[in-house]
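Raw contents of coords_2.cif, mmCIF, C-alpha atoms:
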```cif
data_work
loop_
_atom_site.label_atom_id
_atom_site.label_comp_id
_atom_site.auth_asym_id
_atom_site.auth_seq_id
_atom_site.Cartn_x
_atom_site.Cartn_y
_atom_site.Cartn_z
CA MET A 1 101.66 81.63 155.53
CA PRO A 2 101.71 84.48 153.01
CA GLU A 3 105.10 85.46 151.60
CA GLU A 4 106.77 88.19 153.65
CA ILE A 5 107.41 91.29 151.55
CA PRO A 6 110.71 93.00 152.48
CA GLU A 7 111.05 96.70 153.14
CA PHE A 8 114.12 96.89 150.88
CA TYR A 9 115.41 94.84 147.98
CA ARG A 10 119.12 94.29 147.32
CA TYR A 11 120.69 93.02 144.09
CA SER A 12 124.20 92.74 142.72
CA VAL A 13 124.96 95.37 140.09
CA SER A 14 127.58 96.57 137.64
CA LEU A 15 128.19 100.26 136.99
CA VAL A 16 128.30 101.36 133.35
CA LYS A 17 129.23 104.81 132.04
CA GLN A 18 128.04 106.00 128.62
CA GLY A 19 128.27 109.58 127.43
CA LEU A 20 127.07 111.99 130.08
CA HIS A 21 125.26 109.36 132.14
CA GLN A 22 125.99 106.29 134.17
CA PHE A 23 123.64 103.45 135.01
CA TYR A 24 123.51 100.12 136.79
CA THR A 25 122.88 96.77 135.14
CA LEU A 26 121.34 93.91 137.10
CA THR A 27 118.60 91.28 137.03
CA VAL A 28 115.41 91.66 139.07
CA PRO A 29 112.56 89.18 139.61
CA SER A 30 109.58 90.02 137.43
CA ASP A 31 107.20 90.17 140.40
CA VAL A 32 109.45 92.74 142.09
CA LEU A 33 109.35 94.88 138.96
CA ALA A 34 105.56 94.65 138.98
CA ARG A 35 105.53 95.90 142.60
CA THR A 36 107.97 98.77 142.20
CA CYS A 37 107.51 100.26 138.70
CA CYS A 38 105.12 102.85 137.34
CA VAL A 39 104.56 104.61 134.04
CA ILE A 40 103.20 107.85 135.47
CA THR A 41 104.63 110.27 138.00
CA ARG A 42 101.45 112.04 139.12
CA ASP A 43 99.68 111.10 142.34
CA GLU A 44 97.60 108.37 140.74
CA ASP A 45 97.31 104.68 141.40
CA PRO A 46 100.20 102.94 139.59
CA GLN A 47 98.13 99.89 138.59
CA ALA A 48 95.34 102.08 137.25
CA GLY A 49 97.98 104.01 135.37
CA PHE A 50 99.16 100.82 133.70
CA GLN A 51 95.64 99.89 132.66
CA ARG A 52 94.86 103.35 131.34
CA LEU A 53 98.06 104.05 129.42
CA LEU A 54 99.04 100.63 128.10
CA ASP A 55 97.57 98.01 125.80
CA ARG A 56 95.94 95.27 127.88
CA LYS A 57 95.82 92.83 124.95
CA ARG A 58 99.53 93.19 124.30
CA ALA A 59 100.27 92.63 128.00
CA GLU A 60 98.11 89.49 128.03
CA GLU A 61 100.02 88.18 125.00
CA ILE A 62 103.28 88.68 126.90
CA ALA A 63 101.86 86.91 129.96
CA ASP A 64 100.71 84.01 127.78
CA TYR A 65 104.12 83.86 126.11
CA VAL A 66 105.79 83.62 129.53
CA ASP A 67 103.30 81.21 131.12
CA ASN A 68 102.33 78.90 128.28
CA GLN A 69 105.05 79.15 125.65
CA HIS A 70 108.05 79.08 127.98
CA GLY A 71 109.13 82.33 126.38
CA THR A 72 112.37 84.16 126.94
CA ILE A 73 112.57 87.98 126.90
CA PRO A 74 116.22 89.05 127.09
CA ASN A 75 115.68 92.76 126.41
CA ALA A 76 116.56 94.99 129.35
CA ILE A 77 113.88 97.05 131.07
CA VAL A 78 115.12 100.66 131.38
CA LEU A 79 114.17 102.42 134.63
CA SER A 80 114.77 105.74 136.32
CA ALA A 81 114.99 105.58 140.11
CA GLN A 82 112.58 107.99 141.81
CA PRO A 83 113.05 109.61 145.23
CA GLN A 84 110.66 107.02 146.71
CA ALA A 85 113.17 104.29 145.81
CA GLU A 86 115.80 105.68 148.17
CA ALA A 87 118.22 103.89 145.86
CA LYS A 88 121.83 103.63 146.97
CA VAL A 89 124.84 101.43 146.38
CA ILE A 90 126.15 99.44 149.31
CA GLY A 91 128.63 96.64 149.82
CA HIS A 92 131.69 98.36 148.27
CA GLY A 93 129.79 99.39 145.17
CA LYS A 94 128.59 95.91 144.27
CA THR A 95 124.99 95.94 145.57
CA LEU A 96 122.06 98.24 144.82
CA GLN A 97 119.47 98.70 147.52
CA PHE A 98 116.04 100.21 146.91
CA ARG A 99 112.80 100.49 148.84
CA ASN A 100 109.76 98.36 148.11
CA ASN A 101 107.52 101.17 146.86
CA GLN A 102 104.97 101.27 144.03
CA ARG A 103 106.59 104.42 142.64
CA ALA A 104 110.21 103.42 143.16
CA PHE A 105 110.97 103.43 139.42
CA LEU A 106 109.67 105.23 136.35
CA ILE A 107 109.76 102.99 133.28
CA LEU A 108 111.59 104.59 130.36
CA ASP A 109 111.44 101.50 128.14
CA GLY A 110 109.62 98.18 128.57
CA GLN A 111 106.23 99.29 129.90
CA HIS A 112 104.31 96.48 128.24
CA ARG A 113 106.79 93.85 129.35
CA VAL A 114 106.51 94.94 132.99
CA TYR A 115 102.72 95.06 132.72
CA GLY A 116 102.72 91.63 131.08
CA PHE A 117 104.95 90.26 133.86
CA SER A 118 102.46 91.58 136.41
CA LYS A 119 99.71 89.50 134.78
CA ALA A 120 101.82 86.32 134.40
CA LYS A 121 101.84 83.50 136.95
CA THR A 122 105.46 82.64 136.14
CA HIS A 123 108.23 84.64 137.80
CA LEU A 124 111.36 85.40 135.78
CA ARG A 125 114.69 87.09 136.39
CA VAL A 126 114.66 90.08 134.09
CA PRO A 127 117.63 92.13 132.81
CA VAL A 128 117.27 95.71 134.04
CA VAL A 129 119.08 99.02 133.50
CA ILE A 130 118.60 101.58 136.28
CA TYR A 131 119.48 105.25 136.01
CA ASN A 132 119.69 107.23 139.25
CA ASN A 133 119.50 110.94 140.00
CA LEU A 134 118.01 111.89 136.63
CA THR A 135 116.11 115.14 136.23
CA ARG A 136 112.70 115.19 134.51
CA LYS A 137 114.48 116.73 131.51
CA ASP A 138 116.98 113.82 131.47
CA GLU A 139 114.17 111.26 131.73
CA SER A 140 112.21 112.89 128.91
CA ARG A 141 115.23 113.05 126.63
CA LEU A 142 116.18 109.44 127.32
CA PHE A 143 112.60 108.34 126.65
CA ILE A 144 112.64 110.19 123.31
CA ASP A 145 116.06 108.82 122.37
CA ILE A 146 115.11 105.23 123.21
CA ASN A 147 111.86 105.44 121.25
CA THR A 148 113.23 107.24 118.17
CA LYS A 149 116.81 106.06 117.70
CA GLN A 150 116.17 102.34 118.20
CA ARG A 151 114.49 100.98 115.07
CA PRO A 152 112.28 97.90 115.31
CA VAL A 153 112.90 94.94 113.03
CA PRO A 154 110.96 95.51 109.76
CA ASN A 155 107.83 93.41 109.32
CA GLU A 156 109.20 92.27 105.97
CA LEU A 157 112.23 90.69 107.64
CA LEU A 158 110.09 89.03 110.33
CA LEU A 159 107.86 87.50 107.67
CA ASP A 160 110.92 86.38 105.72
CA ILE A 161 112.44 84.44 108.66
CA LYS A 162 109.24 83.02 110.18
CA LYS A 163 109.79 79.84 108.16
CA LEU A 164 113.14 79.29 109.90
CA ALA A 165 111.54 79.85 113.29
CA GLU A 166 108.67 77.50 112.41
CA TYR A 167 106.23 80.22 113.46
CA GLU A 168 104.21 80.44 110.26
CA SER A 169 100.44 80.04 110.22
CA ASP A 170 98.92 78.08 107.32
CA THR A 171 97.97 81.34 105.61
CA GLU A 172 101.45 82.82 106.08
CA GLN A 173 102.99 79.66 104.61
CA LEU A 174 100.65 79.81 101.61
CA LEU A 175 101.45 83.49 101.00
CA ARG A 176 105.19 82.87 101.38
CA GLU A 177 105.10 80.03 98.85
CA THR A 178 103.10 82.21 96.44
CA PHE A 179 105.57 85.07 96.93
CA ASP A 180 108.45 82.69 96.19
CA PHE A 181 106.85 81.67 92.89
CA TYR A 182 106.58 85.32 91.86
CA HIS A 183 110.09 86.04 93.08
CA THR A 184 111.87 83.15 91.33
CA GLU A 185 109.86 81.91 88.31
CA PRO A 186 111.48 83.10 85.04
CA GLY A 187 108.09 84.03 83.55
CA SER A 188 106.82 85.91 86.60
CA PRO A 189 105.27 89.29 85.75
CA LEU A 190 106.75 90.58 89.03
CA LEU A 191 110.26 89.22 88.48
CA GLY A 192 112.71 91.80 89.79
CA LEU A 193 109.91 93.86 91.34
CA LEU A 194 109.73 92.14 94.75
CA SER A 195 111.70 92.81 97.92
CA PRO A 196 111.58 89.82 100.33
CA ALA A 197 113.12 91.18 103.53
CA ALA A 198 112.87 94.99 103.50
CA LYS A 199 111.03 97.93 102.02
CA GLU A 200 112.70 99.14 98.85
CA ALA A 201 111.73 102.01 96.58
CA GLY A 202 110.20 100.83 93.32
CA LYS A 203 109.59 97.31 94.61
CA ILE A 204 106.73 95.42 96.28
CA SER A 205 107.52 94.42 99.85
CA ARG A 206 106.47 91.10 101.32
CA THR A 207 104.08 92.96 103.65
CA THR A 208 102.33 94.66 100.72
CA PHE A 209 102.28 91.41 98.73
CA ASN A 210 100.68 89.49 101.60
CA ALA A 211 98.07 92.18 102.22
CA ALA A 212 97.13 92.17 98.53
CA PHE A 213 96.95 88.41 98.05
CA LYS A 214 95.16 87.77 101.33
CA GLN A 215 92.17 89.58 99.77
CA ILE A 216 91.76 86.97 97.03
CA LEU A 217 92.40 83.66 98.84
CA ASP A 218 88.66 83.03 99.21
CA VAL A 219 88.32 82.94 95.41
CA PHE A 220 90.16 79.59 95.37
CA THR A 221 88.25 76.53 96.59
CA ALA A 222 91.28 74.77 98.06
CA PRO A 223 94.08 77.24 97.54
CA GLU A 224 97.59 76.04 96.79
CA ALA A 225 100.48 78.34 96.00
CA GLU A 226 101.05 77.06 92.47
CA GLN A 227 97.34 77.36 91.63
CA ILE A 228 97.20 80.91 92.98
CA TYR A 229 100.36 81.83 91.07
CA THR A 230 99.18 80.35 87.77
CA ALA A 231 95.85 82.19 87.68
CA SER A 232 96.90 85.48 89.27
CA SER A 233 100.15 85.77 87.28
CA ALA A 234 98.16 85.42 84.05
CA PHE A 235 95.95 88.27 85.23
CA LEU A 236 98.91 90.43 86.28
CA THR A 237 100.71 89.79 83.00
CA ALA A 238 97.71 91.10 81.09
CA PHE A 239 97.12 93.97 83.51
CA ILE A 240 100.74 95.15 83.44
CA ALA A 241 100.63 95.08 79.63
CA GLY A 242 97.56 97.31 79.87
CA LEU A 243 99.40 99.65 82.23
CA ARG A 244 102.21 99.93 79.70
CA SER A 245 99.69 100.95 77.06
CA GLN A 246 98.68 103.76 79.42
CA SER A 247 102.34 104.66 80.09
CA CYS A 248 101.94 103.90 83.78
CA ALA A 249 103.52 100.46 84.24
CA HIS A 250 105.38 101.84 87.28
CA ALA A 251 102.04 101.96 89.18
CA ILE A 252 102.18 98.21 89.79
CA THR A 253 104.79 98.65 92.56
CA ASN A 254 102.80 101.27 94.43
CA PRO A 255 101.29 99.62 97.55
CA ILE A 256 97.86 101.22 97.12
CA ALA A 257 97.69 100.42 93.40
CA PHE A 258 98.97 96.86 93.85
CA ARG A 259 96.37 96.06 96.49
CA ALA A 260 93.58 97.60 94.41
CA ILE A 261 94.65 95.70 91.28
CA LEU A 262 94.70 92.37 93.13
CA ALA A 263 91.31 93.14 94.67
CA PHE A 264 90.09 93.67 91.09
CA PHE A 265 91.25 90.16 90.08
CA PRO A 266 88.08 88.20 91.12
CA GLU A 267 85.83 90.46 89.06
CA VAL A 268 87.96 90.06 85.95
CA ALA A 269 88.41 86.32 86.52
CA ARG A 270 84.61 85.87 86.63
CA ARG A 271 84.33 87.60 83.24
CA VAL A 272 87.05 85.34 81.81
CA SER A 273 85.29 82.29 83.23
CA ASP A 274 81.99 83.34 81.64
CA ARG A 275 83.62 83.69 78.24
CA TYR A 276 86.37 81.11 78.16
CA GLY A 277 85.54 78.60 80.87
CA LYS A 278 88.38 77.80 83.25
CA GLU A 279 91.10 78.84 80.80
CA TYR A 280 92.75 81.55 82.91
CA SER A 281 95.52 82.43 80.50
CA ALA A 282 97.25 85.77 80.04
CA ASP A 283 95.77 85.95 76.51
CA ASN A 284 92.21 85.43 77.79
CA PHE A 285 92.67 88.02 80.53
CA ALA A 286 94.01 90.42 77.89
CA LEU A 287 91.01 89.75 75.62
CA VAL A 288 88.76 90.87 78.47
CA LEU A 289 90.86 93.70 79.92
CA THR A 290 92.10 95.40 76.77
CA PRO A 291 88.81 96.30 75.06
CA GLN A 292 86.72 96.61 78.19
CA LEU A 293 89.12 98.63 80.29
CA PHE A 294 92.40 99.84 78.83
CA LYS A 295 91.20 100.99 75.37
CA LYS A 296 88.42 103.12 76.81
CA ILE A 297 89.66 104.07 80.24
CA LYS A 298 89.96 107.79 80.88
CA PRO A 299 93.44 109.24 81.41
CA GLY A 300 94.40 109.46 85.05
CA VAL A 301 91.98 106.81 86.30
CA ILE A 302 94.79 104.41 87.19
CA LYS A 303 96.73 106.42 89.71
CA PRO A 304 97.61 105.18 93.20
CA GLY A 305 95.94 107.89 95.26
CA THR A 306 95.48 107.25 98.96
CA SER A 307 92.69 104.67 99.02
CA VAL A 308 92.54 101.07 97.83
CA LYS A 309 88.75 101.26 97.91
CA LEU A 310 88.56 104.35 95.70
CA LEU A 311 90.92 102.98 93.06
CA LEU A 312 89.16 99.61 93.05
CA GLY A 313 85.84 101.41 92.67
CA ALA A 314 87.15 103.39 89.72
CA LEU A 315 88.40 100.25 87.97
CA SER A 316 85.20 98.35 88.66
CA THR A 317 82.95 101.19 87.47
CA GLN A 318 84.86 101.56 84.21
CA PHE A 319 84.92 97.80 83.67
CA LYS A 320 81.17 97.38 84.20
CA SER A 321 80.22 100.40 82.09
CA ASP A 322 82.00 98.93 79.09
CA PHE A 323 80.47 95.45 79.34
CA THR A 324 78.57 94.33 76.24
CA LEU A 325 77.21 90.98 75.06
#
```

Would you mind writing the file's structure down as structure tokens?
Amino acid sequence: MPEEIPEFYRYSVSLVKQGLHQFYTLTVPSDVLARTCCVITRDEDPQAGFQRLLDRKRAEEIADYVDNQHGTIPNAIVLSAQPQAEAKVIGHGKTLQFRNNQRAFLILDGQHRVYGFSKAKTHLRVPVVIYNNLTRKDESRLFIDINTKQRPVPNELLLDIKKLAEYESDTEQLLRETFDFYHTEPGSPLLGLLSPAAKEAGKISRTTFNAAFKQILDVFTAPEAEQIYTASSAFLTAFIAGLRSQSCAHAITNPIAFRAILAFFPEVARRVSDRYGKEYSADNFALVLTPQLFKKIKPGVIKPGTSVKLLLGALSTQFKSDFTL
């Protein structure tokens, strides 16, 4: 027999007062949330509203995390009870009752989690915060506050701790090990210029570093961190020396410039290989870069700008135009 769907749901709650508002905290089964929550308030189909306003791929990732990775999601879903919920406290203030209605609650925070729960086969008990008797103005202000005053964890920090969580892909591990060489080796051309766990003015973040080095991994037949560091650090040592000759050494820490410079590495490495074999030393890179780029480059060519592609194109054009046998 199919499961009987009740007319009302009842759950134990605690009342919390903060500032000008009060709300209830409780846990609700994920399938009940899927049946009673919406992200739109107009007379439209709630499920269609989910599909139109939210990211299906992200929801499927949440469903997979719940079903196949035995994931835990402790963050509270924040809801505003709508008139259709007929929400009221019973049982001496210890139980919240609300109607089983597709528009019972407007989601103020956690839309993708609720949508993901609706696609998952596994049912969970989910922490929930429910506001009642809010005006549209209150709901709008709470939505803005939740989505502007709560800062997400920086990508740099997530990348920094993925090793501890054993969540790294092979590429992420390779990039982390390469980053660590640059961050700790005494002779590193980027020593003191890297920021492992956060964005910092005048330094290269782990996110920027990874984006730059990911471009050149294909250059190495069987890339290992030490091999990548040895060749690329020789190139960067020579390039930074060239930047100093142009009085623009500070450009190396600009994200656009750094990515463009690393993307330029394969072209310069091929020229070094043609002339000096596999001797990828800082001196050999300098012997190629100094006369063929930095001594003849026009003032202002090496400036970050807004496009990696444009800066790389400018470097490549200048480099090729000065090539002689």

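The space separating atom CA of A:Lys121 from atom CA of A:Pro74 comes to 18.3 Å.
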
If you measure from atom CA of A:Leu312 to atom CA of A:Ala282, what distance in Å do you get, rounded to one decimal?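 Atom CA of A:Ala282 lies at a distance of 20.6 Å from atom CA of A:Leu312.
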
At a cut-off of 10 Å, using all atoms listed in the file, what residues contact stretch 78-80 of chain A? Leave out same-chain residues fewer than 5 positions from it and give the result as a ChimeraX atom specification. /A:23-25,33,37-39,85,104-111,127-136,138-139,142-143,146

Pick from A:Arg103, A:Arg113, A:His21, A:Ala34 nearest to A:Leu54, counting all atoms listed in the file: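 When distances to A:Leu54 are compared using all atoms listed in the file, the smallest one comes from A:Arg113.
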
Tell me which of A:Thr184, A:Thr208, A:Phe294, A:Ala260 sits closest to A:Ala238, counting only C-alpha atoms. A:Phe294

Can you work out which one of A:Ile216, A:Val288, A:Ala198, A:Ile144 has the shortest atom-to-atom distance to A:Arg275, counting all atoms listed in the file?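 Under the stated criterion, the closest residue is A:Val288.
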
Contacts of A:Leu191 within 12 Å, all atoms listed in the file, excl. fewer than 4 positions in-chain, as a PyMOL selection string: chain A and resi 179-187+195-196+203-204+233+236-237+253

One decimal, in Å: what's the spacing between atom CA of A:Val126 and atom CA of A:Gly91?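 So the two atoms, atom CA of A:Val126 and atom CA of A:Gly91, lie 22.0 Å apart.
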
If you count only C-alpha atoms, which residues fall within 7 Å of A:Ile62, apart from same-chain ones fewer than 4 positions away, as a list in words?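 After dropping sequence-adjacent residues, the list is Arg58, Val66, Arg113 and Gly116 of chain A.
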